[in-house]
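Undergrad: I'd like to ask some things about the structure below.
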4 protein chains.
Amino acid sequence: MARLKDENKRALILEASKTLFSKQGFFNTSISDIVKATNLPVGSIYTYFPSKDEIMKVIVEEGWKDLYDRLLQTVSSQESDESKLKAIIEKFLPEILKDVDLINILLSEAIAFTKIEEKIEVLSTMIYELIRSISKSKPTINGFNKRFIETALMVFFLGILNAVRLSRASSIDIKEADIIKFLKISIENSMDIKI
Amino acid sequence: MARLKDENKRALILEASKTLFSKQGFFNTSISDIVKATNLPVGSIYTYFPSKDEIMKVIVEEGWKDLYDRLLQTVSSQESDESKLKAIIEKFLPEILKDVDLINILLSEAIAFTKIEEKIEVLSTMIYELIRSISKSKPTINGFNKRFIETALMVFFLGILNAVRLSRASSIDIKEADIIKFLKISIENSMDIKI
Amino acid sequence: MARLKDENKRALILEASKTLFSKQGFFNTSISDIVKATNLPVGSIYTYFPSKDEIMKVIVEEGWKDLYDRLLQTVSSQESDESKLKAIIEKFLPEILKDVDLINILLSEAIAFTKIEEKIEVLSTMIYELIRSISKSKPTINGFNKRFIETALMVFFLGILNAVRLSRASSIDIKEADIIKFLKISIENSMDIKI
Amino acid sequence: MARLKDENKRALILEASKTLFSKQGFFNTSISDIVKATNLPVGSIYTYFPSKDEIMKVIVEEGWKDLYDRLLQTVSSQESDESKLKAIIEKFLPEILKDVDLINILLSEAIAFTKIEEKIEVLSTMIYELIRSISKSKPTINGFNKRFIETALMVFFLGILNAVRLSRASSIDIKEADIIKFLKISIENSMDIKI
DNA sequence: AATGAATGAGTCTTCATTCAT
DNA sequence: TATGAATGAAGACTCATTCAT
């Protein structure tokens, strides 16, 4: 009886919106743009989402959840803390760097739509615990407190994402491999470990 | 006289717009907002700038020029390459971190208004040359090519600016001192020098 | 059985709509509001009524019919003309004043949906005949023609209904008893009779 | 320098809106209707009024003020209380009955836009004081309290306005002269005076 | 018959820019 | 030159009605 809400349409709207928001920005993207991109009537956009804002919120929330789930999966697939850290750098990071649209949105407009700091805090703490656990026997890192290490992580995290983002948006030639390599060396140096 | 008065109005528009663009974003700021903030008639805005876009472009261009000039000044005020690098980190960086509005604009909306990559390329190259000169006698850095070092610089630069930006926009508690300290340690480590 | 169930739904829609139309006005009430109030699916509304307009029409027509039937009943339950008039004022009027929703609709939006003048003409004529019959032996009222008396009736009728309506919609404190008393005295005075 | 706001345009918008709101109702009148009726561009409507609601509010407020001012003028132009009352009935009332659009709006949609009860209270009290003053020496009216007389006034006031309103909206044939005559007789009867 | 997703014309309002004064 | 009213395309969103299931 009656048609059921079509999960494909919902996904289509989210996908098209994500691309548009990433390329043009949230405010520079009109519902009419989304209509053209999806080939759906205006009304249909509103049977799946109550507002343009809500589309953005869902993109951010679901995007982040997916990202975080993949991080947990990466971590839980490894035994030792060292291999966990290695997997984060060599498997998880390259994977998320592929979704430039999500990165773009997260780094630009997301602040207005979610408490991005809470999300980053979670991620930051998780990696900090890992590092602390690894470095227990190493004297190198012991001189630094939590806040300092989290600051470092934040700079790396934001630096890497923004570098990738900028390289796609402009003609700057940054290789993902170089970024990963740089991160690896930095961590190896500062923690005196070999990944 | 009348000329001076004009310059004041132009500056007033730029200043108010910079604040508004930074706080609310470009698209979310109306000419009417600028009118209210400057207490100037609408028409006057258009005698100084041909369009809203142009205001943004000028903010970015002049902001960048100012930033670059200050970098040149910092560098030229020092004798040795080591002290130049030291001054960049300890004098120039803290100084530009104060202009959060400019950083905000540069990192969010600027891409749509200027070839930001060209600007960053210039900055990156300058520091690279400095580093190469310092490290001539040091074996540590020799293994890395230009592209790799520039990638590292980019990650640091974008990471630092975005961390500061995020800490202002959200409740994340990041201390500027920690950022500077982190950068210093990283460079000392990777280049085997003492700043 | 199924027939009965249908009647219930029809009545439910009419009742909910009447309340909503009275409270919010016709244009300010959406089909979706009626859906929420009845807990019925949208489609069902349209199996019982061809359009939103039609719901309004039926409310007015059935409401009026009910009102007129009750008037006939009141009148036919009395023997003499004097007691008929007395019953209209003391039984019929207080009864219809209870259905404020219907009054509201009749006085505000009904004009656009039915020929309200025909309805009022019928009512007016009926009471005029009654008055004429009573006043045959009284000289007082003989000076007035039909049109004048009907005008008076109309002013009273509309005045009373609107006063009640306004007292419910605003904070004006009007007592139904005062209204009835006022009408009674006015008629007694002008017709020189005792009700 | 620059054009000044045009009082004529403001008046044109108010006039056209008043007619439309009266004929079609507020919610059934679109800004686009007002645009067509005034032959003004949409934007201009909004340079004179901040919203559709505000147009309605101004119509009600200015309409009421005008009406009240004329009442004061009528009253102050007469010496004795009797002639004041006479002037209200024979001069003021016929005059306001001409503005059927205003009456229509006041009686239908105004409730949602202003505290109509406060306005009516003012008017009612003024006439009550007049009546009380006149009837000091007459025993007839002394039996009635303030609330009762105000109820009577309300019924008359609303009855008269609505009767005129209905006679314009439908084909009911009500003569203004008959209404005035009816009111006069009623007052003469109940107060035992000759107007 | 029952259901509720689908539809798109229409709603109010905004706003960058122009131009009469 | 200075001013701010004039302009109308474009914005987000609504909603009565239809129709596929």
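If you're wondering about the labels, chains in the structure tokens are A, B, ... by order shown, residues count from 1 in each chain, ligands from 1 in order shown.
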Near region 47-59 of chain D, within 9 Å and counting only C-alpha atoms (C1' of nucleotides), which residues show up once chain neighbours fewer than 3 positions away are dropped, as JSON, numbers by chain?

TA: {"D": [5, 6, 9, 10, 13, 14, 15, 17, 18, 21, 26, 30, 31, 43, 44, 62, 63, 64, 102, 105, 109, 110, 113, 114], "E": [12, 13], "F": [5, 6]}

Undergrad: Using backbone DSSP assignments, extract all alpha helix (DSSP H) residues from region 8-195 of chain A; output them as a VMD selection string.

TA: chain A and resid 8 to 24 31 to 38 42 to 48 52 to 76 81 to 87 93 to 96 100 to 107 116 to 134 146 to 169 176 to 191

Undergrad: Kindly provide, as a list in words, the residues of chain F having any atom no farther than 8 Å from an atom of chain B, counting only C-alpha atoms (C1' of nucleotides).

TA: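 Those within range of chain B come out as DA2, DT3 and DG4 of chain F.
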
Undergrad: So that each row is one residue of chain E with an atom at most 12 Å from chain D, can you give its shortest atom pair and the distance in Å to one decimal, using only C-alpha atoms (C1' of nucleotides), rows by chain and rising number, as a tab-separated table?

TA:
residue	atom	partner	partner_atom	distance
E:DG10	C1'	D:Ser30	CA	9.6
E:DT11	C1'	D:Ser30	CA	7.7
E:DC12	C1'	D:Ile31	CA	7.5
E:DT13	C1'	D:Ser51	CA	8.1
E:DT14	C1'	D:Gly43	CA	9.1
E:DC15	C1'	D:Gly43	CA	9.8
E:DT18	C1'	D:Ala2	CA	11.9
E:DC19	C1'	D:Ala2	CA	8.8
E:DA20	C1'	D:Ala2	CA	6.6
E:DT21	C1'	D:Ala2	CA	4.8

Undergrad: Measuring atom to atom with only C-alpha atoms, identify which of B:Leu93, B:Ile187, B:Ile193, B:Ile34 is nearest to Phe157 (chain B).

TA: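 Residue with the minimum atom-to-atom distance to Phe157 (chain B): B:Leu93.
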
Undergrad: Give as a ChimeraX atom specification every residue of chain A that touches chain B within 10 Å, counting only C-alpha atoms.

TA: /A:23-28,104,107-109,111-112,115-118,120-121,147-164,166-167,169-179,181-183,185-187,189-190

Undergrad: Can you work out the spacing between CA of Ser80 (chain A) and CA of Met126 (chain A) in Å, to one decimal?

TA: 14.7 Å

Undergrad: Over all C-alpha pairs taken in order, what is the RMSD once chain A has been least-squares superposed onto chain C?

TA: 1.3 Å
